[in-house]
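Asker: My structure is stored as model04.cif, with mmCIF, C-alpha atoms.
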data_my_file
loop_
_atom_site.label_atom_id
_atom_site.label_comp_id
_atom_site.auth_asym_id
_atom_site.auth_seq_id
_atom_site.Cartn_x
_atom_site.Cartn_y
_atom_site.Cartn_z
CA MET A 820 15.17 59.68 -9.02
CA ALA A 821 12.21 59.92 -11.33
CA SER A 822 9.64 57.18 -11.37
CA GLY A 823 8.81 57.29 -15.09
CA SER A 824 9.66 54.81 -17.81
CA PHE A 825 12.72 56.69 -19.14
CA PRO A 826 16.28 56.79 -17.77
CA THR A 827 17.20 60.00 -16.00
CA LEU A 828 20.25 62.12 -15.24
CA THR A 829 20.57 63.88 -11.90
CA VAL A 830 22.46 67.03 -12.88
CA GLN A 831 24.46 68.64 -10.07
CA ARG A 832 25.82 72.03 -11.06
CA SER A 833 26.58 72.92 -7.43
CA THR A 834 25.82 71.47 -4.02
CA GLU A 835 22.66 73.63 -3.86
CA GLN A 836 21.52 73.14 -7.47
CA LEU A 837 20.15 69.74 -8.46
CA GLU A 838 18.00 69.00 -11.50
CA ILE A 839 16.42 65.79 -12.84
CA PHE A 840 16.69 65.48 -16.63
CA GLU A 841 14.64 62.77 -18.37
CA LEU A 842 16.35 61.01 -21.29
CA ASN A 843 13.49 60.69 -23.77
CA SER A 844 15.28 61.34 -27.08
CA ALA A 845 17.83 59.45 -29.14
CA ARG A 846 20.62 62.06 -28.80
CA ILE A 847 21.39 64.22 -25.76
CA THR A 848 24.13 66.85 -26.01
CA ILE A 849 25.90 68.46 -23.06
CA GLY A 850 27.99 71.64 -23.22
CA SER A 851 28.07 75.43 -22.86
CA ASP A 852 26.38 76.08 -26.23
CA PRO A 853 22.76 77.25 -25.60
CA ALA A 854 21.64 74.82 -28.32
CA CYS A 855 22.70 71.82 -26.20
CA ASP A 856 20.06 69.76 -24.40
CA ILE A 857 21.86 70.14 -21.05
CA VAL A 858 23.50 73.56 -20.89
CA ASP A 859 26.46 74.26 -18.60
CA ASP A 860 26.39 77.43 -16.54
CA THR A 861 29.55 76.72 -14.54
CA GLY A 862 31.84 78.03 -17.29
CA THR A 863 33.99 74.89 -17.32
CA LEU A 864 32.67 72.99 -20.36
CA ALA A 865 33.39 73.22 -24.07
CA PRO A 866 30.54 74.38 -26.36
CA ARG A 867 29.85 70.73 -27.17
CA HIS A 868 31.51 68.67 -24.46
CA ALA A 869 29.82 65.22 -24.53
CA GLU A 870 26.81 63.47 -25.97
CA LEU A 871 24.60 60.52 -25.09
CA LEU A 872 23.30 58.26 -27.86
CA ALA A 873 20.44 55.77 -27.44
CA GLY A 874 20.92 52.31 -28.86
CA GLY A 875 19.61 48.85 -28.06
CA GLY A 876 17.74 50.04 -24.98
CA ASP A 877 20.88 51.62 -23.48
CA TYR A 878 22.61 54.99 -23.64
CA LEU A 879 26.22 55.38 -24.74
CA ILE A 880 28.30 58.35 -23.65
CA SER A 881 30.92 59.81 -26.00
CA ASP A 882 33.51 62.55 -25.57
CA CYS A 883 33.19 65.26 -28.24
CA GLY A 884 36.88 66.10 -28.12
CA ALA A 885 36.73 68.59 -25.24
CA PRO A 886 40.15 69.61 -23.86
CA ASP A 887 39.26 68.66 -20.29
CA GLY A 888 37.80 65.29 -21.29
CA CYS A 889 35.05 63.26 -19.60
CA PHE A 890 35.25 61.07 -16.53
CA VAL A 891 32.95 58.14 -15.70
CA ASN A 892 33.25 56.71 -12.17
CA GLY A 893 36.55 58.54 -11.76
CA ALA A 894 38.15 57.03 -14.90
CA ILE A 895 38.82 59.06 -18.04
CA LEU A 896 36.53 58.21 -20.94
CA GLU A 897 38.72 57.14 -23.86
CA ASN A 898 36.01 55.72 -26.15
CA SER A 899 32.25 55.47 -26.12
CA ARG A 900 30.86 53.23 -23.40
CA VAL A 901 27.46 52.02 -22.27
CA LEU A 902 26.14 53.75 -19.17
CA ARG A 903 25.10 51.58 -16.25
CA HIS A 904 22.70 52.28 -13.41
CA ASP A 905 24.19 54.77 -10.89
CA ASP A 906 27.22 55.65 -13.06
CA VAL A 907 28.73 59.01 -12.05
CA ILE A 908 29.80 61.32 -14.91
CA GLN A 909 32.01 64.34 -14.28
CA LEU A 910 32.33 67.08 -16.91
CA GLY A 911 34.32 70.03 -15.61
CA LYS A 912 32.53 71.13 -12.43
CA MET A 913 29.27 69.50 -13.50
CA ILE A 914 28.40 66.08 -12.03
CA LEU A 915 25.72 63.86 -13.53
CA VAL A 916 24.36 60.57 -12.14
CA TYR A 917 22.70 58.14 -14.56
CA HIS A 918 19.63 56.27 -13.31
CA LEU A 919 17.57 53.57 -14.93
CA PRO A 920 13.87 53.42 -13.97
CA VAL A 921 13.26 51.85 -10.55
CA SER A 922 11.26 49.03 -12.15
CA GLY A 923 14.30 48.09 -14.20
CA GLY A 924 14.79 47.73 -17.93
CA ASN A 925 14.33 44.21 -19.31
CA THR A 926 12.90 42.55 -16.21
CA ILE A 927 12.10 38.89 -15.87
CA ALA A 928 8.54 39.42 -14.70
CA ARG A 929 7.61 41.42 -17.81
CA ALA A 930 8.95 38.81 -20.17
CA ALA A 931 6.73 35.98 -18.97
CA ARG A 932 4.58 34.80 -16.09
CA PHE A 933 6.79 34.53 -13.02
CA ASP A 934 7.34 30.87 -12.14
CA ALA A 935 9.97 28.54 -10.66
CA GLY A 936 12.18 28.97 -13.74
CA SER A 937 12.03 32.75 -13.38
CA PHE A 938 12.91 32.40 -9.69
CA ARG A 939 16.02 30.35 -10.49
CA GLU A 940 17.03 32.88 -13.14
CA LEU A 941 16.62 35.79 -10.74
CA ALA A 942 18.52 34.15 -7.87
CA GLY A 943 21.31 33.06 -10.21
CA LYS A 944 21.71 36.52 -11.71
CA LEU A 945 21.90 38.17 -8.31
CA GLU A 946 24.34 35.60 -6.94
CA ARG A 947 26.71 35.86 -9.90
CA ASN A 948 26.59 39.65 -10.00
CA ILE A 949 27.34 40.10 -6.30
CA ALA A 950 30.14 37.49 -6.47
CA GLN A 951 31.99 39.72 -8.95
CA VAL A 952 32.78 42.20 -6.16
CA PHE A 953 32.28 40.20 -2.95
CA LYS A 954 34.95 37.53 -3.15
CA GLY A 955 35.42 34.22 -1.40
CA LYS A 956 32.18 34.00 0.60
CA PRO A 957 29.51 32.25 -1.52
CA GLU A 958 27.62 31.02 1.56
CA VAL A 959 27.25 34.61 2.82
CA ILE A 960 25.85 35.70 -0.56
CA ARG A 961 23.43 32.77 -0.58
CA ASN A 962 22.17 33.58 2.94
CA LEU A 963 21.81 37.25 1.97
CA LEU A 964 19.55 36.29 -0.95
CA VAL A 965 17.63 33.78 1.17
CA CYS A 966 16.89 36.56 3.66
CA LEU A 967 15.88 39.05 0.95
CA LEU A 968 13.54 36.64 -0.82
CA ALA A 969 12.01 35.51 2.50
CA GLU A 970 11.01 39.16 3.17
CA GLY A 971 13.28 39.37 6.19
CA HIS A 972 15.93 41.83 7.32
CA LEU A 973 19.63 41.15 7.81
CA LEU A 974 22.10 42.04 10.57
CA LEU A 975 25.80 41.88 9.68
CA GLU A 976 28.10 41.80 12.70
CA ASP A 977 31.85 41.77 12.29
CA ALA A 978 35.03 43.79 12.60
CA PRO A 979 35.37 46.94 10.46
CA GLY A 980 36.74 46.55 6.96
CA VAL A 981 35.71 42.98 6.12
CA GLY A 982 33.14 44.00 3.51
CA LYS A 983 29.83 44.47 5.34
CA SER A 984 28.93 47.69 3.53
CA MET A 985 30.36 46.36 0.26
CA LEU A 986 27.98 43.39 0.41
CA ALA A 987 24.97 45.64 0.99
CA GLN A 988 25.94 48.04 -1.80
CA ALA A 989 26.59 45.16 -4.20
CA LEU A 990 23.05 43.89 -3.62
CA ALA A 991 21.61 47.39 -4.03
CA ARG A 992 23.46 47.88 -7.31
CA SER A 993 22.24 44.50 -8.58
CA ILE A 994 18.57 45.50 -8.27
CA PHE A 995 16.96 48.38 -10.17
CA SER A 996 15.64 49.94 -7.00
CA CYS A 997 15.90 52.90 -4.65
CA TYR A 998 18.96 52.53 -2.40
CA ARG A 999 19.42 54.57 0.77
CA ARG A 1000 22.30 54.59 3.26
CA ILE A 1001 21.91 55.76 6.85
CA GLN A 1002 25.14 56.35 8.76
CA PHE A 1003 24.19 56.07 12.42
CA THR A 1004 25.90 58.31 14.97
CA PRO A 1005 25.26 58.98 18.69
CA ASP A 1006 23.58 62.35 18.00
CA MET A 1007 21.01 61.09 15.48
CA MET A 1008 17.30 61.55 16.17
CA PRO A 1009 14.43 59.26 15.08
CA SER A 1010 13.21 61.93 12.63
CA ASP A 1011 16.58 61.73 10.85
CA VAL A 1012 15.56 58.20 9.87
CA THR A 1013 11.80 58.39 9.31
CA GLY A 1014 11.37 61.99 8.17
CA MET A 1015 9.33 64.86 9.62
CA ASN A 1016 6.66 67.45 8.95
CA ILE A 1017 8.05 70.94 8.30
CA TYR A 1018 6.21 74.21 7.97
CA ASP A 1019 6.07 75.65 4.45
CA SER A 1020 5.75 79.42 4.79
CA GLY A 1021 4.78 79.75 1.12
CA SER A 1022 1.66 77.61 1.39
CA GLY A 1023 1.07 78.14 5.09
CA LYS A 1024 0.83 74.37 5.61
CA PHE A 1025 2.97 71.58 7.00
CA ARG A 1026 4.72 69.43 4.40
CA PHE A 1027 6.10 65.94 4.97
CA MET A 1028 9.81 65.49 4.23
CA PRO A 1029 10.48 61.74 3.91
CA GLY A 1030 13.58 60.34 5.59
CA PRO A 1031 16.07 57.89 4.11
CA ILE A 1032 13.97 54.94 5.31
CA PHE A 1033 11.73 55.48 2.26
CA GLY A 1034 13.64 53.22 -0.12
CA ASN A 1035 13.85 49.61 -1.26
CA VAL A 1036 17.31 48.56 -0.01
CA ILE A 1037 18.35 50.36 3.19
CA LEU A 1038 21.89 50.14 4.55
CA ALA A 1039 21.72 50.98 8.26
CA ASP A 1040 25.46 51.35 8.78
CA GLU A 1041 26.89 50.92 12.29
CA ILE A 1042 23.42 50.73 13.81
CA ASN A 1043 24.80 50.12 17.29
CA ARG A 1044 26.62 53.47 17.33
CA THR A 1045 23.37 55.34 17.85
CA THR A 1046 21.18 55.48 20.94
CA PRO A 1047 18.32 53.03 21.66
CA ARG A 1048 15.85 55.87 21.08
CA THR A 1049 16.93 56.20 17.46
CA GLN A 1050 17.32 52.43 17.01
CA SER A 1051 13.66 52.04 18.01
CA SER A 1052 12.57 54.19 15.05
CA LEU A 1053 13.19 51.11 12.88
CA LEU A 1054 10.84 48.80 14.82
CA GLU A 1055 7.61 49.70 13.02
CA CYS A 1056 9.41 50.02 9.68
CA MET A 1057 10.86 46.52 9.84
CA ALA A 1058 7.86 44.78 11.38
CA GLU A 1059 5.04 46.36 9.37
CA GLY A 1060 6.66 48.06 6.38
CA ALA A 1061 5.15 51.37 7.45
CA VAL A 1062 5.99 54.58 9.33
CA THR A 1063 3.62 56.54 11.60
CA ILE A 1064 4.53 60.22 11.99
CA ASP A 1065 2.29 62.72 13.78
CA GLY A 1066 -0.54 60.19 13.70
CA VAL A 1067 -0.36 59.58 9.94
CA ARG A 1068 0.65 56.09 8.74
CA ARG A 1069 2.69 55.94 5.54
CA ILE A 1070 3.42 52.68 3.74
CA LEU A 1071 7.00 51.98 2.67
CA PRO A 1072 7.74 50.83 -0.90
CA ARG A 1073 8.26 47.17 -1.73
CA PRO A 1074 10.58 45.38 -1.76
CA PHE A 1075 11.75 46.76 1.56
CA PHE A 1076 14.98 45.22 2.85
CA VAL A 1077 17.05 46.56 5.76
CA ILE A 1078 20.69 45.49 5.97
CA ALA A 1079 22.14 46.71 9.26
CA THR A 1080 25.82 46.51 10.13
CA GLN A 1081 27.21 46.62 13.63
CA ASN A 1082 30.61 46.40 15.25
CA PRO A 1083 31.21 43.86 18.04
CA GLU A 1084 29.92 44.96 21.45
CA ASP A 1085 33.39 45.36 22.95
CA TYR A 1086 34.27 48.10 20.42
CA HIS A 1087 34.39 51.67 21.76
CA GLY A 1088 31.23 53.79 21.46
CA THR A 1089 28.63 51.07 20.84
CA TYR A 1090 25.10 50.74 22.22
CA PRO A 1091 23.92 47.10 22.30
CA LEU A 1092 20.74 46.50 20.32
CA PRO A 1093 17.76 45.76 22.60
CA GLU A 1094 16.15 42.34 22.34
CA PRO A 1095 12.99 43.56 20.53
CA GLN A 1096 15.18 45.15 17.86
CA LEU A 1097 17.30 42.02 17.44
CA ASP A 1098 14.14 39.94 17.07
CA ARG A 1099 13.12 42.03 14.02
CA PHE A 1100 16.12 40.74 12.07
CA MET A 1101 15.50 37.42 10.35
CA MET A 1102 19.21 36.60 10.21
CA ARG A 1103 22.51 37.61 11.70
CA LEU A 1104 25.61 36.86 9.64
CA SER A 1105 29.31 37.18 10.33
CA ILE A 1106 31.53 37.56 7.29
CA GLY A 1107 34.99 36.88 8.70
CA TYR A 1108 38.32 37.51 7.01
CA PRO A 1109 38.86 36.27 3.43
CA ASP A 1110 41.39 33.58 2.66
CA ALA A 1111 44.61 34.43 0.81
CA ASP A 1112 43.25 33.60 -2.67
CA ALA A 1113 40.11 35.69 -2.19
CA GLU A 1114 42.13 38.62 -0.85
CA LEU A 1115 44.43 38.40 -3.87
CA GLU A 1116 41.36 38.64 -6.12
CA ILE A 1117 40.19 41.69 -4.16
CA LEU A 1118 43.53 43.45 -4.57
CA SER A 1119 43.80 42.56 -8.25
CA GLY A 1120 40.28 43.69 -9.04
CA SER A 1121 40.60 46.96 -7.14
CA LYS A 1122 43.80 48.21 -8.74
CA ASN A 1123 41.84 50.24 -11.32
CA GLY A 1124 39.24 51.66 -8.93
CA ASN A 1125 36.24 50.71 -6.84
CA LEU A 1126 35.00 47.20 -7.61
CA LEU A 1127 31.38 48.38 -7.25
CA ASN A 1128 31.77 50.43 -10.42
CA THR A 1129 32.13 47.22 -12.44
CA ILE A 1130 28.59 45.94 -11.78
CA SER A 1131 25.10 47.25 -12.47
CA GLY A 1132 21.49 46.18 -12.10
CA VAL A 1133 20.51 42.74 -13.37
CA VAL A 1134 16.93 42.34 -12.07
CA GLY A 1135 14.01 44.67 -11.49
CA SER A 1136 12.49 45.48 -8.13
CA ASN A 1137 9.13 44.08 -9.29
CA ASP A 1138 10.85 40.76 -9.97
CA VAL A 1139 12.01 40.61 -6.35
CA VAL A 1140 8.43 41.16 -5.15
CA CYS A 1141 7.24 38.37 -7.48
CA ALA A 1142 9.95 36.03 -6.13
CA GLN A 1143 8.98 36.83 -2.55
CA SER A 1144 5.38 35.89 -3.26
CA LEU A 1145 6.54 32.63 -4.85
CA VAL A 1146 8.52 31.70 -1.69
CA ARG A 1147 5.30 31.63 0.33
CA LYS A 1148 3.99 28.81 -1.89
CA ILE A 1149 6.84 26.40 -1.05
CA GLU A 1150 5.42 23.33 0.72
CA VAL A 1151 6.25 22.86 4.40
CA SER A 1152 5.05 19.54 5.78
CA ASP A 1153 3.60 19.12 9.27
CA ALA A 1154 6.65 17.06 10.20
CA ILE A 1155 8.98 19.96 9.34
CA LYS A 1156 6.79 22.40 11.26
CA SER A 1157 6.86 20.08 14.27
CA TYR A 1158 10.65 19.84 13.94
CA ILE A 1159 10.98 23.64 14.06
CA ILE A 1160 8.60 23.84 17.03
CA ALA A 1161 10.57 21.14 18.87
CA ILE A 1162 13.79 23.14 18.46
CA ALA A 1163 12.10 26.32 19.68
CA GLY A 1164 10.51 24.47 22.60
CA ALA A 1165 13.87 23.07 23.70
CA THR A 1166 15.38 26.57 23.80
CA ARG A 1167 12.57 27.72 26.09
CA GLU A 1168 13.35 24.96 28.59
CA HIS A 1169 17.16 24.93 28.39
CA GLN A 1170 18.78 25.83 31.72
CA ALA A 1171 21.67 27.74 30.12
CA LEU A 1172 19.49 30.24 28.20
CA VAL A 1173 17.91 33.38 29.62
CA ASN A 1174 15.05 33.23 27.15
CA GLY A 1175 13.72 30.92 24.46
CA CYS A 1176 12.74 31.43 20.83
CA SER A 1177 9.52 33.37 20.24
CA PRO A 1178 6.84 32.42 17.71
CA ARG A 1179 8.29 35.17 15.52
CA ALA A 1180 11.56 33.23 15.51
CA THR A 1181 9.89 29.95 14.45
CA LEU A 1182 8.01 31.75 11.68
CA ALA A 1183 11.26 33.35 10.51
CA LEU A 1184 13.02 29.97 10.43
CA MET A 1185 10.20 28.40 8.42
CA ARG A 1186 10.12 31.29 5.93
CA ALA A 1187 13.90 31.20 5.53
CA CYS A 1188 13.78 27.46 4.86
CA GLN A 1189 11.11 28.06 2.19
CA SER A 1190 13.37 30.63 0.55
CA LEU A 1191 16.41 28.32 0.65
CA ALA A 1192 14.38 25.50 -0.90
CA ALA A 1193 13.23 27.81 -3.72
CA CYS A 1194 16.82 28.95 -4.36
CA GLU A 1195 17.84 25.31 -4.68
CA GLU A 1196 15.04 24.56 -7.17
CA ARG A 1197 12.80 22.61 -4.78
CA ASP A 1198 9.11 23.16 -4.06
CA TYR A 1199 9.34 21.63 -0.58
CA VAL A 1200 11.39 22.10 2.60
CA THR A 1201 13.64 19.35 3.98
CA PRO A 1202 15.09 18.82 7.49
CA GLU A 1203 18.50 19.69 6.06
CA ASP A 1204 17.23 23.20 5.24
CA VAL A 1205 16.38 23.66 8.91
CA ARG A 1206 19.81 22.42 9.99
CA ARG A 1207 21.59 24.77 7.60
CA LEU A 1208 19.74 27.86 8.80
CA TYR A 1209 18.90 27.46 12.49
CA GLN A 1210 22.14 29.09 13.66
CA VAL A 1211 21.87 32.28 11.54
CA VAL A 1212 18.14 32.65 12.25
CA LEU A 1213 17.96 31.79 15.97
CA ALA A 1214 21.31 32.49 17.66
CA HIS A 1215 21.04 36.29 17.84
CA ARG A 1216 17.64 36.05 19.56
CA LEU A 1217 18.97 34.05 22.54
CA THR A 1218 21.13 35.03 25.50
CA LEU A 1219 23.41 32.76 27.51
CA LYS A 1220 23.19 32.95 31.29
CA LEU A 1221 26.32 34.33 32.88
CA ARG A 1222 26.93 31.32 35.12
CA TRP A 1223 26.83 28.94 32.15
CA LYS A 1224 29.23 30.81 29.88
CA ALA A 1225 32.26 28.88 31.08
CA GLN A 1226 30.64 25.58 30.13
CA TRP A 1227 28.84 26.44 26.89
CA LYS A 1228 31.02 29.33 25.62
CA SER A 1229 28.33 30.57 23.20
CA VAL A 1230 24.65 30.30 22.21
CA ALA A 1231 25.76 28.52 19.03
CA ASN A 1232 27.05 25.57 21.08
CA VAL A 1233 23.75 25.33 22.96
CA LEU A 1234 21.79 25.30 19.70
CA ASP A 1235 24.05 22.62 18.22
CA ASP A 1236 23.46 20.45 21.27
CA ILE A 1237 19.68 20.96 21.09
CA VAL A 1238 19.41 20.15 17.38
CA SER A 1239 21.67 17.11 17.62
CA GLY A 1240 19.36 15.67 20.26
CA ILE A 1241 16.16 15.99 18.19
CA LYS A 1242 15.59 13.19 15.70
CA LEU A 1243 12.97 13.04 12.99
CA PRO A 1244 11.20 9.68 12.53
CA ASN A 1245 11.53 8.08 9.08
CA GLU A 1246 13.86 10.82 7.87
CA GLY A 1247 15.84 8.36 5.79
CA ARG A 1248 12.83 7.76 3.59
#
In structure tokens, what does this structure look like?
Answerer:
Amino acid sequence: MASGSFPTLTVQRSTEQLEIFELNSARITIGSDPACDIVDDTGTLAPRHAELLAGGGDYLISDCGAPDGCFVNGAILENSRVLRHDDVIQLGKMILVYHLPVSGGNTIARAARFDAGSFRELAGKLERNIAQVFKGKPEVIRNLLVCLLAEGHLLLEDAPGVGKSMLAQALARSIFSCYRRIQFTPDMMPSDVTGMNIYDSGSGKFRFMPGPIFGNVILADEINRTTPRTQSSLLECMAEGAVTIDGVRRILPRPFFVIATQNPEDYHGTYPLPEPQLDRFMMRLSIGYPDADAELEILSGSKNGNLLNTISGVVGSNDVVCAQSLVRKIEVSDAIKSYIIAIAGATREHQALVNGCSPRATLALMRACQSLAACEERDYVTPEDVRRLYQVVLAHRLTLKLRWKAQWKSVANVLDDIVSGIKLPNEGR
């Protein structure tokens, strides 16, 4: 995808032939006629098959009456329609993908100085857009945004088919950014994630080929189906936002947000994530099955195709970076910090836990609480923010001792007991 200020089309004439075409004029024609702007060499298009017209900052695609017609996202184009970010156009054997600039069209940050009002607008737009395709789980969407705006990374653990990948793709489509998906398998190598240096015989030099980690929103799908060696390739990326390959450190673009999905440990062919890897994730969420009403909405909305095709970008990637910087300014009192430290200290001393929370965990909980406060239009953190987030931020970092499992059942129960026993003085005031 080009990084300029104009929309682009990725033109795929065959699996080996890709071309980036910049849309910098008011009318773009596509067909087999040599006078067209994008000329077909597959022999499957009419002389003038389709055209794109600029208007109001967008491009409209129109069918020029070709016998084979035009298809957008798998649906036949009956009238002109506005193209959205990542729309897929099929004309005969030619496939075109429409991209808006990574920075996004009419972004909030360009319109005015980014402030609390801009933050509320951004969070609201993202929440509403994702809710159009991810039904019945508003608290999951809110926690996803809290994690993104707190500059964390998210681990989604649940059974297959409940919408883990859908949630990640809905967020990626909602932001004008570079989205990458990594499907982890047992035979993957670390270089398949980070990239590698290859020898270019033409220049006689080594050339760096970036891996899929070089993006803004990264879906690490089924991360626990690959080996610990490949899982560890994400450690530096997630902790420092950088990749070191052959001694050269390369900085990853911002925003940089990893959403990893994993199947439960008792599923066949899984490799449990090591503790250092788990500690890099700010949150772990479980989606669960939708209720009957939400599932009815899913079925009704999907009858005409993939729900993801109905949404597009609503905020720019620069806006997300601005919002992340604003989160750091949310006030956290010494009493709240002491409250978080007291919870972490109790986990380190609890007889049922193998290990306690690290300082990285307390910092993650504080940053998540700042993000939640900003999403709820407050410039300060409350004890209730801590109580709403301690489970999703801390539970995956702790391990229950085997001999205590019969009594406590889960780490979540231990955390509930710890938090219920810590009282804040003068909280009612």
Asker: Can you pull out the residues contacting Val1205 (chain A)? Cut-off 8 Å, using all atoms listed in the file, and skip same-chain residues under 5 positions away; I want them as a PyMOL selection string.
Answerer: chain A and resi 1159+1184-1185+1188
Asker: From the options A:Ala950, A:Val1012, A:Ile914, A:Ala845, which residue's atoms come nearest to Leu986 (chain A), counting all atoms listed in the file?
Answerer: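 Between A:Ala950, A:Val1012, A:Ile914, A:Ala845, the residue approaching Leu986 (chain A) most closely is A:Ala950.
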Asker: Pull the neighbourhood of (2.7, 60.9, 11.0) for me: all residues within 10 Å in file coordinates, counting only C-alpha atoms, as a list in words.
Answerer: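 The residues near that point, listed by chain and number, are Thr1013, Gly1014, Met1015, Asn1016, Phe1027, Val1062, Thr1063, Ile1064, Asp1065, Gly1066, Val1067, Arg1068 and Arg1069 of chain A.
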Asker: Keeping C-alpha atoms, export the residues of the selection given above as a PDB file, in the frame of the given file.
Answerer:
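out17.pdb written:
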ATOM      1  CA  THR A1013      11.800  58.390   9.310  1.00  0.00           C
ATOM      2  CA  GLY A1014      11.370  61.990   8.170  1.00  0.00           C
ATOM      3  CA  MET A1015       9.330  64.860   9.620  1.00  0.00           C
ATOM      4  CA  ASN A1016       6.660  67.450   8.950  1.00  0.00           C
ATOM      5  CA  PHE A1027       6.100  65.940   4.970  1.00  0.00           C
ATOM      6  CA  VAL A1062       5.990  54.580   9.330  1.00  0.00           C
ATOM      7  CA  THR A1063       3.620  56.540  11.600  1.00  0.00           C
ATOM      8  CA  ILE A1064       4.530  60.220  11.990  1.00  0.00           C
ATOM      9  CA  ASP A1065       2.290  62.720  13.780  1.00  0.00           C
ATOM     10  CA  GLY A1066      -0.540  60.190  13.700  1.00  0.00           C
ATOM     11  CA  VAL A1067      -0.360  59.580   9.940  1.00  0.00           C
ATOM     12  CA  ARG A1068       0.650  56.090   8.740  1.00  0.00           C
ATOM     13  CA  ARG A1069       2.690  55.940   5.540  1.00  0.00           C
TER      14      ARG A1069
END
Asker: Step by step, work through what the PyMOL selection byres ((chain A and resi 973) around 8) selects in the shown file, and finish by giving those residues as a short mmCIF file (atom, residue, chain, number, x, y, z; two decimals) with C-alpha atoms, in the coordinates of the input.
Answerer:
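Output below, filename selection.cif:
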data_model
loop_
_atom_site.label_atom_id
_atom_site.label_comp_id
_atom_site.auth_asym_id
_atom_site.auth_seq_id
_atom_site.Cartn_x
_atom_site.Cartn_y
_atom_site.Cartn_z
CA LEU A 963 21.81 37.25 1.97
CA CYS A 966 16.89 36.56 3.66
CA GLY A 971 13.28 39.37 6.19
CA HIS A 972 15.93 41.83 7.32
CA LEU A 974 22.10 42.04 10.57
CA LEU A 975 25.80 41.88 9.68
CA PHE A 1076 14.98 45.22 2.85
CA VAL A 1077 17.05 46.56 5.76
CA ILE A 1078 20.69 45.49 5.97
CA ALA A 1079 22.14 46.71 9.26
CA PHE A 1100 16.12 40.74 12.07
CA MET A 1101 15.50 37.42 10.35
CA MET A 1102 19.21 36.60 10.21
CA ARG A 1103 22.51 37.61 11.70
CA LEU A 1104 25.61 36.86 9.64
#
Asker: Which residue is closest to Ala1231 (chain A)? Choose from A:Gln1210, A:Thr1218, A:Ser1051, A:Gln1002 and count all atoms listed in the file.
Answerer: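 Ranking A:Gln1210, A:Thr1218, A:Ser1051, A:Gln1002 by distance to Ala1231 (chain A), first place goes to A:Gln1210.
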Asker: Taking the file as shown, what set of residues would the PyMOL selection byres ((chain A and resi 830-843) around 8) give back, as a PyMOL selection string?
Answerer: chain A and resi 820-821+825-829+844-845+847+859-861+912-916
Asker: Restricting it to C-alpha atoms, dump the selection as a compact mmCIF listing (two decimals), in the coordinates of the input.
Answerer:
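File selection14.txt, as written:
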# COMPACT_ATOMS: atom_id res chain seq x y z
CA MET A 820 15.17 59.68 -9.02
CA ALA A 821 12.21 59.92 -11.33
CA PHE A 825 12.72 56.69 -19.14
CA PRO A 826 16.28 56.79 -17.77
CA THR A 827 17.20 60.00 -16.00
CA LEU A 828 20.25 62.12 -15.24
CA THR A 829 20.57 63.88 -11.90
CA SER A 844 15.28 61.34 -27.08
CA ALA A 845 17.83 59.45 -29.14
CA ILE A 847 21.39 64.22 -25.76
CA ASP A 859 26.46 74.26 -18.60
CA ASP A 860 26.39 77.43 -16.54
CA THR A 861 29.55 76.72 -14.54
CA LYS A 912 32.53 71.13 -12.43
CA MET A 913 29.27 69.50 -13.50
CA ILE A 914 28.40 66.08 -12.03
CA LEU A 915 25.72 63.86 -13.53
CA VAL A 916 24.36 60.57 -12.14
Asker: The centre and edge lengths of an axis-aligned box containing all atoms of region 1171-1190 of chain A present in the file, extended by 4 Å on each side, are to be given in Å to one decimal, as AutoDock Vina command-line options.
Answerer:
--center_x 14.3 --center_y 31.3 --center_z 15.3 --size_x 22.8 --size_y 15.7 --size_z 37.6
Asker: Which residue, A:Ser881, A:Gln1096, A:Ser851, A:Gln951, has the smallest gap to Asn1125 (chain A) when you use all atoms listed in the file?
Answerer: A:Gln951
Asker: Work out how far apart CA of Ala1180 (chain A) and CA of Leu1213 (chain A) are and give it in Å to one decimal.
Answerer: 6.6 Å
Asker: Rank nothing, just name the residue among A:Val1238, A:Ala869, A:Leu902, A:Ala969 nearest to Asp887 (chain A), using all atoms listed in the file.
Answerer: A:Ala869
Asker: Could you work out how far CA of Lys1220 (chain A) lies from CA of Leu1172 (chain A), giving the answer in Å with one decimal?
Answerer: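 So the answer is 5.5 Å.
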Asker: Leaving out Ser984 (chain A) and any residue of its chain fewer than 5 positions from it, which residues lie within 8 Å of it when counting only C-alpha atoms, given as a list in words?
Answerer: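 Everything that qualifies: Leu1038, Asp1040 and Thr1080 of chain A.
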Asker: Kindly resolve the PyMOL selection byres ((chain A and resi 1202) around 12) on the present coordinates and return the residues as a PyMOL selection string.
Answerer: chain A and resi 1151-1159+1162+1184-1185+1188-1189+1191-1192+1199-1201+1203-1209+1238+1241-1248
Asker: With only C-alpha atoms as the counted atoms, please give the residues lying no more than 10 Å from Glu1116 (chain A), apart from itself and same-chain residues fewer than 6 positions off, as a ChimeraX atom specification.
Answerer: /A:951-955
Asker: Would you mind telling me which residue in A:Pro1072, A:Pro1029, A:Gly850, A:Gly884 lies nearest to Asn1137 (chain A) when using all atoms listed in the file?
Answerer: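 For Asn1137 (chain A), the nearest of the given residues is A:Pro1072.
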Asker: Tell me which of A:Ala873, A:Val959, A:Leu910, A:Leu1182 sits closest to Cys889 (chain A), counting all atoms listed in the file.
Answerer: A:Leu910
Asker: Counting all atoms listed in the file, find residues at most 10 Å from (16.1, 34.5, -12.9) (file frame) and give them as a PyMOL selection string.
Answerer: chain A and resi 926-928+933-945+1133-1134+1138-1139+1142
